[in-house]
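This is coords_39.txt (compact mmCIF, C-alpha atoms).
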```txt
# COMPACT_ATOMS: atom_id res chain seq x y z
CA MET A 8 7.12 14.94 47.06
CA THR A 9 9.37 14.59 44.00
CA GLU A 10 9.54 11.37 42.04
CA ALA A 11 12.54 9.22 42.95
CA ALA A 12 15.22 8.81 40.33
CA CYS A 13 15.23 5.38 38.67
CA VAL A 14 18.68 3.77 38.84
CA PRO A 15 20.26 0.64 37.29
CA VAL A 16 19.73 -1.75 40.20
CA SER A 17 17.78 -5.00 40.41
CA VAL A 18 16.72 -5.89 43.97
CA VAL A 19 16.46 -9.62 44.71
CA ILE A 20 14.40 -10.70 47.73
CA PRO A 21 14.05 -14.41 48.60
CA CYS A 22 10.65 -15.06 50.13
CA PHE A 23 9.66 -18.00 52.30
CA ARG A 24 6.51 -17.75 54.42
CA CYS A 25 7.12 -14.05 54.95
CA SER A 26 3.62 -12.59 54.80
CA ASP A 27 4.10 -10.64 58.03
CA THR A 28 7.22 -8.74 56.89
CA ILE A 29 7.53 -8.61 53.10
CA GLY A 30 5.36 -5.50 52.80
CA ARG A 31 7.76 -3.56 55.03
CA ALA A 32 10.79 -4.77 53.05
CA VAL A 33 9.31 -3.82 49.67
CA GLY A 34 8.10 -0.50 51.05
CA SER A 35 11.64 0.37 52.14
CA VAL A 36 12.85 -0.27 48.57
CA PHE A 37 10.12 1.84 47.01
CA ALA A 38 10.92 4.70 49.41
CA GLN A 39 14.52 5.00 48.16
CA THR A 40 15.62 8.45 47.08
CA TRP A 41 17.27 6.61 44.17
CA ARG A 42 14.66 4.00 43.36
CA PRO A 43 15.90 0.69 41.88
CA SER A 44 14.56 -0.12 38.43
CA GLU A 45 13.08 -3.46 39.44
CA VAL A 46 12.38 -5.76 42.37
CA ILE A 47 12.39 -9.54 41.93
CA LEU A 48 10.46 -11.41 44.62
CA VAL A 49 11.48 -15.07 44.56
CA ASP A 50 8.96 -17.33 46.28
CA ASP A 51 11.00 -20.27 47.60
CA PHE A 52 8.05 -22.70 47.43
CA SER A 53 6.43 -21.29 50.57
CA GLY A 54 3.32 -23.46 50.35
CA ASP A 55 1.15 -20.93 52.20
CA GLU A 56 -0.39 -17.53 51.41
CA THR A 57 2.97 -15.91 50.63
CA LEU A 58 2.75 -16.25 46.85
CA ARG A 59 -0.73 -14.72 46.80
CA LEU A 60 0.56 -11.73 48.79
CA LEU A 61 3.52 -11.33 46.43
CA ARG A 62 1.11 -11.21 43.50
CA PHE A 63 -0.89 -8.56 45.34
CA LEU A 64 2.26 -6.46 45.86
CA GLU A 65 3.12 -6.91 42.19
CA GLY A 66 -0.17 -5.24 41.27
CA HIS A 67 -0.05 -2.64 44.03
CA TYR A 68 3.14 -0.94 42.83
CA PRO A 69 3.77 0.62 39.37
CA SER A 70 3.38 -1.82 36.51
CA GLY A 71 6.49 -3.88 35.85
CA TRP A 72 8.40 -2.62 38.90
CA ILE A 73 7.91 -5.91 40.78
CA ARG A 74 8.35 -9.32 39.18
CA VAL A 75 7.33 -12.44 41.08
CA LEU A 76 9.35 -15.58 40.44
CA PRO A 77 7.86 -18.75 42.01
CA LEU A 78 10.21 -21.72 42.41
CA ALA A 79 9.08 -25.32 41.91
CA GLY A 80 10.83 -26.51 45.10
CA ASN A 81 12.39 -25.14 48.25
CA GLY A 82 16.14 -24.64 47.83
CA GLY A 83 16.98 -22.11 50.53
CA PRO A 84 17.88 -18.42 50.27
CA GLY A 85 21.05 -18.92 48.20
CA THR A 86 19.20 -20.86 45.52
CA ALA A 87 16.41 -18.25 45.50
CA ARG A 88 18.94 -15.42 45.16
CA ASN A 89 20.64 -17.21 42.26
CA ALA A 90 17.28 -17.53 40.51
CA GLY A 91 16.61 -13.82 40.95
CA TRP A 92 20.14 -12.97 39.86
CA ALA A 93 19.60 -14.92 36.63
CA GLU A 94 16.42 -12.94 35.90
CA ALA A 95 17.88 -9.52 36.73
CA THR A 96 18.13 -7.00 33.89
CA GLN A 97 20.19 -4.24 35.55
CA PRO A 98 24.01 -3.98 35.79
CA TYR A 99 23.92 -3.87 39.60
CA ILE A 100 22.15 -6.25 41.97
CA ALA A 101 21.16 -5.53 45.56
CA PHE A 102 20.02 -8.17 48.04
CA LEU A 103 17.44 -7.76 50.78
CA ASP A 104 15.88 -10.38 53.05
CA ALA A 105 12.10 -10.42 53.43
CA ASP A 106 12.20 -9.66 57.17
CA ASP A 107 14.65 -6.73 56.94
CA ALA A 108 14.50 -3.16 55.62
CA TRP A 109 16.64 -0.36 54.18
CA ASN A 110 17.27 3.25 55.05
CA ASP A 111 15.77 5.56 52.43
CA LEU A 112 19.26 6.84 51.46
CA LYS A 113 20.89 3.43 51.07
CA VAL A 114 20.89 3.13 47.27
CA GLU A 115 21.75 6.78 46.71
CA LEU A 116 24.77 6.68 49.03
CA GLN A 117 26.00 3.21 48.16
CA LEU A 118 25.36 3.06 44.43
CA GLY A 119 26.47 6.67 44.02
CA TRP A 120 29.83 5.74 45.49
CA MET A 121 30.09 2.62 43.31
CA LEU A 122 29.30 4.57 40.14
CA SER A 123 32.17 6.90 40.94
CA HIS A 124 34.44 3.89 41.59
CA PRO A 125 33.55 1.55 38.68
CA SER A 126 36.38 -0.90 39.42
CA VAL A 127 34.67 -1.90 42.70
CA ALA A 128 32.82 -5.21 42.44
CA LEU A 129 30.93 -5.32 45.74
CA THR A 130 30.00 -3.02 48.60
CA GLY A 131 28.23 -3.47 51.90
CA HIS A 132 27.69 -1.61 55.13
CA ALA A 133 26.80 -1.93 58.79
CA ASP A 134 23.43 -3.01 60.16
CA CYS A 135 21.22 -1.33 62.73
CA LEU A 136 19.21 -3.50 65.14
CA VAL A 137 15.80 -1.94 65.73
CA THR A 138 12.24 -2.75 66.70
CA ALA A 139 9.30 -1.86 64.51
CA ARG A 140 8.53 1.04 66.86
CA GLU A 141 12.09 2.40 66.52
CA TYR A 142 12.28 2.01 62.74
CA GLU A 143 11.44 5.60 61.73
CA VAL A 144 13.72 7.02 64.44
CA ALA A 145 16.63 4.82 63.32
CA LYS A 146 16.27 5.95 59.70
CA SER A 147 16.72 9.57 60.71
CA ARG A 148 20.14 8.89 62.26
CA VAL A 149 21.92 8.38 58.95
CA THR A 150 23.77 11.33 57.50
CA GLU A 151 24.42 11.89 53.82
CA GLU A 152 28.08 10.94 54.20
CA ALA A 153 29.32 7.41 53.71
CA ALA A 154 33.03 6.56 53.96
CA PHE A 155 34.00 3.23 52.38
CA THR A 156 37.09 1.20 53.29
CA ARG A 157 38.44 -1.83 51.45
CA VAL A 158 37.90 -5.24 53.01
CA ARG A 159 40.91 -7.52 52.61
CA PRO A 160 40.45 -11.30 52.20
CA MET A 161 41.69 -12.18 55.70
CA GLN A 162 39.31 -9.66 57.26
CA GLN A 163 36.41 -11.33 55.50
CA LEU A 164 37.64 -14.82 56.40
CA LEU A 165 37.74 -13.93 60.10
CA SER A 166 34.31 -12.32 60.20
CA ASN A 167 31.61 -11.79 57.60
CA ARG A 168 31.90 -8.09 56.78
CA PHE A 169 28.93 -8.04 54.42
CA PRO A 170 25.45 -8.77 55.81
CA THR A 171 23.50 -9.91 52.78
CA ARG A 172 20.90 -7.19 53.27
CA SER A 173 23.69 -4.64 52.81
CA VAL A 174 25.24 -5.92 49.57
CA ILE A 175 25.20 -4.30 46.15
CA LEU A 176 27.38 -6.00 43.53
CA ARG A 177 27.99 -6.03 39.81
CA ARG A 178 25.69 -8.41 37.99
CA ASP A 179 28.51 -9.57 35.69
CA LEU A 180 30.52 -11.25 38.48
CA PRO A 181 31.14 -14.92 37.60
CA HIS A 182 30.35 -16.14 41.14
CA ARG A 183 27.08 -17.45 42.58
CA PHE A 184 25.71 -18.74 45.88
CA MET A 185 26.29 -22.44 46.43
CA PRO A 186 22.98 -24.13 45.49
CA ASN A 187 20.95 -25.64 48.35
CA LYS A 188 23.40 -24.40 51.01
CA ARG A 189 21.24 -22.99 53.82
CA HIS A 190 23.74 -21.61 56.30
CA SER A 191 26.78 -19.38 55.68
CA GLU A 192 26.10 -19.35 51.94
CA ASP A 193 26.60 -15.58 51.88
CA PHE A 194 29.88 -15.76 53.83
CA LEU A 195 31.22 -18.32 51.35
CA LEU A 196 30.32 -16.24 48.30
CA TRP A 197 31.79 -12.99 49.63
CA CYS A 198 34.99 -14.86 50.60
CA GLU A 199 35.32 -16.27 47.10
CA ILE A 200 34.87 -12.83 45.55
CA CYS A 201 37.44 -11.26 47.90
CA LEU A 202 39.94 -14.09 47.49
CA ASP A 203 39.70 -13.87 43.71
CA GLY A 204 41.03 -10.33 43.86
CA TYR A 205 37.87 -8.30 43.29
CA ALA A 206 37.68 -4.95 45.07
CA CYS A 207 35.20 -5.15 47.95
CA TYR A 208 34.42 -2.17 50.18
CA ARG A 209 32.37 -1.59 53.32
CA SER A 210 30.88 1.50 54.95
CA SER A 211 30.30 1.88 58.68
CA SER A 212 27.02 3.74 58.03
CA PRO A 213 23.99 1.70 59.21
CA LEU A 214 21.93 1.65 56.03
CA ALA A 215 19.98 -1.57 56.65
CA TYR A 216 17.83 -2.69 59.56
CA LEU A 217 17.07 -6.05 61.09
CA PHE A 218 14.35 -6.56 63.65
CA LYS A 219 15.76 -9.41 65.75
CA GLU A 220 19.06 -10.40 67.30
CA GLN A 221 21.87 -11.31 64.90
CA PHE A 222 21.80 -14.94 66.09
CA GLY A 223 19.84 -17.23 68.38
CA ALA A 224 16.50 -15.51 67.81
CA GLY A 225 14.71 -17.70 65.27
CA GLY A 226 14.89 -18.14 61.52
CA LEU A 227 17.92 -19.71 59.86
CA SER A 228 20.19 -17.77 62.23
CA GLY A 229 18.41 -19.21 65.26
CA ASN A 230 20.07 -22.63 65.05
CA LEU A 231 23.53 -21.94 66.41
CA HIS A 232 24.86 -25.43 65.72
CA ALA A 233 23.69 -25.29 62.10
CA MET A 234 25.28 -21.84 61.73
CA TYR A 235 28.55 -23.22 63.07
CA GLU A 236 28.46 -26.23 60.75
CA GLY A 237 27.58 -23.99 57.82
CA GLY A 238 30.57 -21.77 58.54
CA ARG A 239 32.89 -24.74 58.98
CA ASN A 240 31.69 -26.25 55.72
CA SER A 241 32.26 -22.93 53.95
CA ILE A 242 35.86 -22.85 55.16
CA LEU A 243 36.27 -26.47 54.07
CA GLU A 244 34.91 -25.56 50.62
CA LEU A 245 37.45 -22.75 50.30
CA HIS A 246 40.22 -25.18 51.24
CA ARG A 247 38.92 -27.80 48.82
CA LYS A 248 38.99 -25.24 46.01
CA LYS A 249 42.57 -24.34 47.03
CA ARG A 250 41.65 -20.76 47.82
CA ILE A 251 43.19 -21.10 51.31
CA ASN A 252 46.04 -23.34 52.46
CA ARG A 253 45.96 -25.99 55.18
CA LEU A 254 47.38 -23.74 57.90
CA VAL A 255 44.82 -21.03 57.27
CA TYR A 256 42.06 -23.65 57.11
CA HIS A 257 42.86 -25.17 60.52
CA SER A 258 43.36 -21.75 62.09
CA LEU A 259 40.00 -20.54 60.82
CA VAL A 260 38.20 -23.66 62.01
CA ALA A 261 39.63 -23.20 65.52
CA TYR A 262 38.71 -19.53 65.52
CA LEU A 263 35.20 -20.31 64.30
CA TYR A 264 34.73 -22.83 67.10
CA LEU A 265 35.70 -20.21 69.71
CA LYS A 266 33.19 -17.81 68.18
CA HIS A 267 30.55 -20.55 68.35
CA VAL A 268 31.20 -21.15 72.05
CA ARG A 269 30.98 -17.42 72.71
CA ARG A 270 27.68 -17.16 70.85
CA CYS A 271 26.23 -20.09 72.78
CA ALA A 272 27.20 -18.37 76.03
CA ILE A 273 25.62 -15.08 74.91
CA VAL A 274 22.35 -16.78 73.95
CA TRP A 275 22.29 -18.78 77.22
CA LEU A 276 22.72 -15.57 79.24
CA ARG A 277 20.09 -13.80 77.15
CA HIS A 278 17.56 -16.55 77.83
CA ALA A 279 18.52 -16.67 81.50
CA ARG A 280 17.79 -12.95 81.84
CA GLU A 281 14.45 -13.41 80.10
CA ARG A 282 13.47 -16.08 82.65
CA LEU A 283 14.21 -13.82 85.60
CA PRO A 284 11.08 -12.39 87.28
CA SER A 285 10.54 -8.76 86.37
CA ARG A 286 11.00 -6.15 89.07
CA ARG A 287 8.30 -3.57 89.63
```
Output the file's structure in the form of C-alpha cells.
Amino acid sequence: MTEAACVPVSVVIPCFRCSDTIGRAVGSVFAQTWRPSEVILVDDFSGDETLRLLRFLEGHYPSGWIRVLPLAGNGGPGTARNAGWAEATQPYIAFLDADDAWNDLKVELQLGWMLSHPSVALTGHADCLVTAREYEVAKSRVTEEAAFTRVRPMQQLLSNRFPTRSVILRRDLPHRFMPNKRHSEDFLLWCEICLDGYACYRSSSPLAYLFKEQFGAGGLSGNLHAMYEGGRNSILELHRKKRINRLVYHSLVAYLYLKHVRRCAIVWLRHARERLPSRR
C-alpha cells in the first residue's frame, strides 16, 4: 500500500459524547487517498470518557496529525467548529461530524476540483445513508468522476444543499458559524456565504456517509420542532442582516413550515410502521 499524499486541508470534527463513533470518523479521514495534513478534534465539554478517547487517538496516529482541543464549556457544534477553524493551519478546511464518515476518495475528488478552480470558495456533495454493515459496500459505489454544479443563493435558501459533513471551504473566508446556535447553524452560514456572492458548488457524488435517518432519529436532528425553530431563526437572521427582503423572508418561512409538517408526517409514519407486528 502506497503512502497517501499529504494535502493542505485541516479537518475539524466537533466531539460531544461520541466514544462509540469517533474512531470510525477519524479512520475514514486517515484512509483518504489524499490525506489531510491535520485533524482537529474539538471536545465540546463532553464530561464523560470522550476526551480520554480523543487523547488516545491523538497518540495512536502519526505524531502531530491529530490535535485535541478541549473547550471549557459546551457551546454546540457551531461553536466547536469555530474553535477548530481558528486553530487550523491549512488553507482549506473540511468539516466532519463525529458520527459520520467519508468515502476514501472524497478529498482527492473534491479538493482536486477546487485546486483547479481556485476562485471557488466552498464545495459540498451528496450524502449516502448506510448502516455499519453496508459501509464498505457503499464506499465501492463511487467512481472517480465528480461533476460539480454551482448552487445559486435561492437554491440554498429553499433547501440546504451542503450537509456539513460534505463541506470543504477556504480558510480565509470572513464568515463563521453563529456562536451557541445549536440548530440550522450550518444552513445559516452557507446561506450567508452564497448570498455574499462567493462561488459555491455541489457534486451529486455520495462522498460522505451518515448512519441514521436525516431527521427524527436522535441527536440534534431528532427534535423536529427545534430543527424547525432553528431554520426559522436562521431566515429571520438573514432578514435582520438585510440579506433577504421582507417578501422573500415571509415566503421562506411559509415554505419551511410546510416542510416541517411533511417531516412530522414522515416520522409519524415511520414510527407507526415500526410498531406494526412483524410478519413471519
task: Would you please work out which residue, of A:Phe63, A:Pro84, A:Ala128, A:Pro15, is nearest to Asp179 (chain A) when using all atoms listed in the file?
output: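 Ranking A:Phe63, A:Pro84, A:Ala128, A:Pro15 by distance to Asp179 (chain A), first place goes to A:Ala128.
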Please build the interface table for region 129-170 of chain A against region 255-273 of chain A with a cut-off of 10 Å, listing for each qualifying residue the nearest atom pair and the distance in Å to one decimal; count all atoms listed in the file, order rows by chain and increasing number, and write it as JSON lines.
```
{"residue": "A:Met161", "atom": "CA", "partner": "A:Val255", "partner_atom": "CA", "distance": 9.5}
{"residue": "A:Leu164", "atom": "CA", "partner": "A:Leu259", "partner_atom": "CA", "distance": 7.6}
{"residue": "A:Leu165", "atom": "CA", "partner": "A:Leu259", "partner_atom": "CA", "distance": 7.0}
{"residue": "A:Ser166", "atom": "CA", "partner": "A:Leu263", "partner_atom": "CA", "distance": 9.0}
```
Minimum-distance residue to Leu136 (chain A), chosen among A:Pro213, A:Pro284, A:Pro98, A:Gly85 (using only C-alpha atoms):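 Between A:Pro213, A:Pro284, A:Pro98, A:Gly85, the residue approaching Leu136 (chain A) most closely is A:Pro213.
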field: Proximity to Ser44 (chain A) - best of A:Met185, A:Ala133, A:Val75, A:Val16, only C-alpha atoms
entry: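 Counting only C-alpha atoms, the residue closest to Ser44 (chain A) is A:Val16.
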Give, as AutoDock Vina command-line options, the centre coordinates and the x, y and z edge lengths in Å to one decimal for an axis-aligned box around all listed atoms of region 74-79 of chain A, padded by 5 Å on each side.
```
--center_x 8.8 --center_y -17.3 --center_z 40.8 --size_x 12.9 --size_y 26.0 --size_z 13.2
```
- line: Of A:Ala95, A:Val114, A:Leu202, A:Ile47, the one nearest to Cys13 (chain A) when counting only C-alpha atoms is A:Val114
Which residues of region 177-218 of chain A come within 6 Å of region 229-245 of chain A, and what is each one's closest atom pair and distance in Å (one decimal), counting only C-alpha atoms, sorted by chain and residue number, as CSV?
```
residue,atom,partner,partner_atom,distance
A:His190,CA,A:Gly237,CA,4.8
A:Ser191,CA,A:Gly237,CA,5.1
A:Leu195,CA,A:Ser241,CA,5.4
```
message: List as an MDAnalysis selection string the residues having at least one atom at most 6 Å from position (31.8, -5.7, 57.5) as given in the file, counting only C-alpha atoms.
response: chainID A and resid 168:169 209
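Here the question is which of A:Arg250, A:Arg74, A:Lys146, A:Arg140 gets nearest to Leu48 (chain A) using all atoms listed in the file, and that residue is A:Arg74.
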query: How far is it from CA of Cys198 (chain A) to CA of Gln163 (chain A), in Å with one decimal?
result: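 Taking CA of Cys198 (chain A) as the start and CA of Gln163 (chain A) as the end point, the length is 6.2 Å.
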Please export region 185-217 of chain A as a short mmCIF file (atom, residue, chain, number, x, y, z; two decimals), in the first residue's frame, restricted to N, CA, C and O atoms.
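File out-v6.cif, as written:
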```
data_model
loop_
_atom_site.label_atom_id
_atom_site.label_comp_id
_atom_site.auth_asym_id
_atom_site.auth_seq_id
_atom_site.Cartn_x
_atom_site.Cartn_y
_atom_site.Cartn_z
N MET A 185 -22.68 30.93 13.71
CA MET A 185 -23.19 31.76 14.78
C MET A 185 -22.92 31.06 16.12
O MET A 185 -23.35 29.93 16.34
N PRO A 186 -22.21 31.71 17.05
CA PRO A 186 -21.89 31.07 18.33
C PRO A 186 -23.13 30.65 19.09
O PRO A 186 -24.14 31.36 19.12
N ASN A 187 -23.05 29.46 19.69
CA ASN A 187 -24.08 28.91 20.58
C ASN A 187 -25.40 28.59 19.87
O ASN A 187 -26.38 28.24 20.54
N LYS A 188 -25.46 28.71 18.56
CA LYS A 188 -26.65 28.29 17.81
C LYS A 188 -26.56 26.79 17.58
O LYS A 188 -25.59 26.30 17.01
N ARG A 189 -27.57 26.03 17.98
CA ARG A 189 -27.49 24.58 18.00
C ARG A 189 -28.29 23.89 16.91
O ARG A 189 -28.19 22.68 16.74
N HIS A 190 -29.11 24.61 16.21
CA HIS A 190 -29.87 24.02 15.11
C HIS A 190 -29.81 24.96 13.91
O HIS A 190 -29.96 26.17 14.06
N SER A 191 -29.57 24.40 12.73
CA SER A 191 -29.56 25.15 11.48
C SER A 191 -28.41 26.16 11.40
O SER A 191 -28.44 27.07 10.58
N GLU A 192 -27.39 25.95 12.23
CA GLU A 192 -26.25 26.87 12.20
C GLU A 192 -25.47 26.72 10.90
O GLU A 192 -24.90 27.68 10.37
N ASP A 193 -25.44 25.49 10.36
CA ASP A 193 -24.75 25.28 9.09
C ASP A 193 -25.52 25.91 7.93
O ASP A 193 -24.94 26.58 7.07
N PHE A 194 -26.84 25.72 7.90
CA PHE A 194 -27.68 26.33 6.87
C PHE A 194 -27.49 27.84 6.83
O PHE A 194 -27.32 28.43 5.77
N LEU A 195 -27.47 28.48 7.99
CA LEU A 195 -27.30 29.93 8.06
C LEU A 195 -25.95 30.35 7.47
O LEU A 195 -25.87 31.29 6.67
N LEU A 196 -24.89 29.66 7.84
CA LEU A 196 -23.56 30.04 7.36
C LEU A 196 -23.44 29.87 5.85
O LEU A 196 -22.94 30.75 5.15
N TRP A 197 -23.90 28.74 5.33
CA TRP A 197 -23.79 28.53 3.88
C TRP A 197 -24.64 29.56 3.12
O TRP A 197 -24.22 30.04 2.06
N CYS A 198 -25.82 29.92 3.67
CA CYS A 198 -26.63 30.96 3.03
C CYS A 198 -25.89 32.29 2.99
O CYS A 198 -25.91 32.99 1.96
N GLU A 199 -25.26 32.66 4.09
CA GLU A 199 -24.53 33.92 4.12
C GLU A 199 -23.41 33.94 3.09
O GLU A 199 -23.19 34.95 2.41
N ILE A 200 -22.69 32.83 2.97
CA ILE A 200 -21.60 32.76 2.01
C ILE A 200 -22.13 32.88 0.58
O ILE A 200 -21.59 33.63 -0.24
N CYS A 201 -23.22 32.16 0.29
CA CYS A 201 -23.82 32.23 -1.06
C CYS A 201 -24.35 33.62 -1.35
O CYS A 201 -24.12 34.18 -2.43
N LEU A 202 -25.07 34.19 -0.40
CA LEU A 202 -25.69 35.50 -0.61
C LEU A 202 -24.65 36.61 -0.75
O LEU A 202 -24.93 37.64 -1.37
N ASP A 203 -23.48 36.42 -0.20
CA ASP A 203 -22.42 37.42 -0.32
C ASP A 203 -21.64 37.29 -1.61
O ASP A 203 -20.63 37.97 -1.80
N GLY A 204 -22.09 36.41 -2.49
CA GLY A 204 -21.51 36.35 -3.83
C GLY A 204 -20.37 35.39 -4.03
O GLY A 204 -19.77 35.34 -5.12
N TYR A 205 -20.02 34.61 -3.02
CA TYR A 205 -18.95 33.63 -3.17
C TYR A 205 -19.43 32.45 -4.01
O TYR A 205 -20.59 32.04 -3.94
N ALA A 206 -18.52 31.89 -4.79
CA ALA A 206 -18.85 30.76 -5.66
C ALA A 206 -18.91 29.48 -4.83
O ALA A 206 -17.91 29.08 -4.22
N CYS A 207 -20.09 28.85 -4.83
CA CYS A 207 -20.32 27.63 -4.07
C CYS A 207 -20.83 26.55 -5.03
O CYS A 207 -21.79 26.78 -5.77
N TYR A 208 -20.22 25.38 -4.99
CA TYR A 208 -20.54 24.31 -5.92
C TYR A 208 -20.85 23.01 -5.16
O TYR A 208 -20.33 22.78 -4.06
N ARG A 209 -21.64 22.17 -5.82
CA ARG A 209 -22.05 20.90 -5.21
C ARG A 209 -21.95 19.78 -6.23
O ARG A 209 -22.28 19.96 -7.40
N SER A 210 -21.50 18.61 -5.78
CA SER A 210 -21.45 17.42 -6.62
C SER A 210 -22.53 16.45 -6.18
O SER A 210 -22.87 16.37 -4.99
N SER A 211 -23.06 15.71 -7.13
CA SER A 211 -24.09 14.71 -6.81
C SER A 211 -23.47 13.40 -6.34
O SER A 211 -24.20 12.47 -5.94
N SER A 212 -22.14 13.27 -6.38
CA SER A 212 -21.48 12.04 -5.93
C SER A 212 -21.62 11.89 -4.42
O SER A 212 -21.34 12.83 -3.67
N PRO A 213 -22.03 10.71 -3.93
CA PRO A 213 -22.17 10.49 -2.48
C PRO A 213 -20.82 10.18 -1.85
O PRO A 213 -20.38 9.04 -1.81
N LEU A 214 -20.15 11.20 -1.35
CA LEU A 214 -18.80 11.05 -0.82
C LEU A 214 -18.75 11.06 0.71
O LEU A 214 -17.67 10.99 1.29
N ALA A 215 -19.91 11.17 1.36
CA ALA A 215 -19.96 11.12 2.82
C ALA A 215 -21.11 10.21 3.22
O ALA A 215 -22.10 10.07 2.50
N TYR A 216 -21.00 9.62 4.42
CA TYR A 216 -21.99 8.65 4.86
C TYR A 216 -22.51 9.02 6.25
O TYR A 216 -21.75 9.42 7.13
N LEU A 217 -23.81 8.89 6.41
CA LEU A 217 -24.40 9.01 7.73
C LEU A 217 -25.10 7.70 8.03
O LEU A 217 -25.52 6.98 7.13
#
```
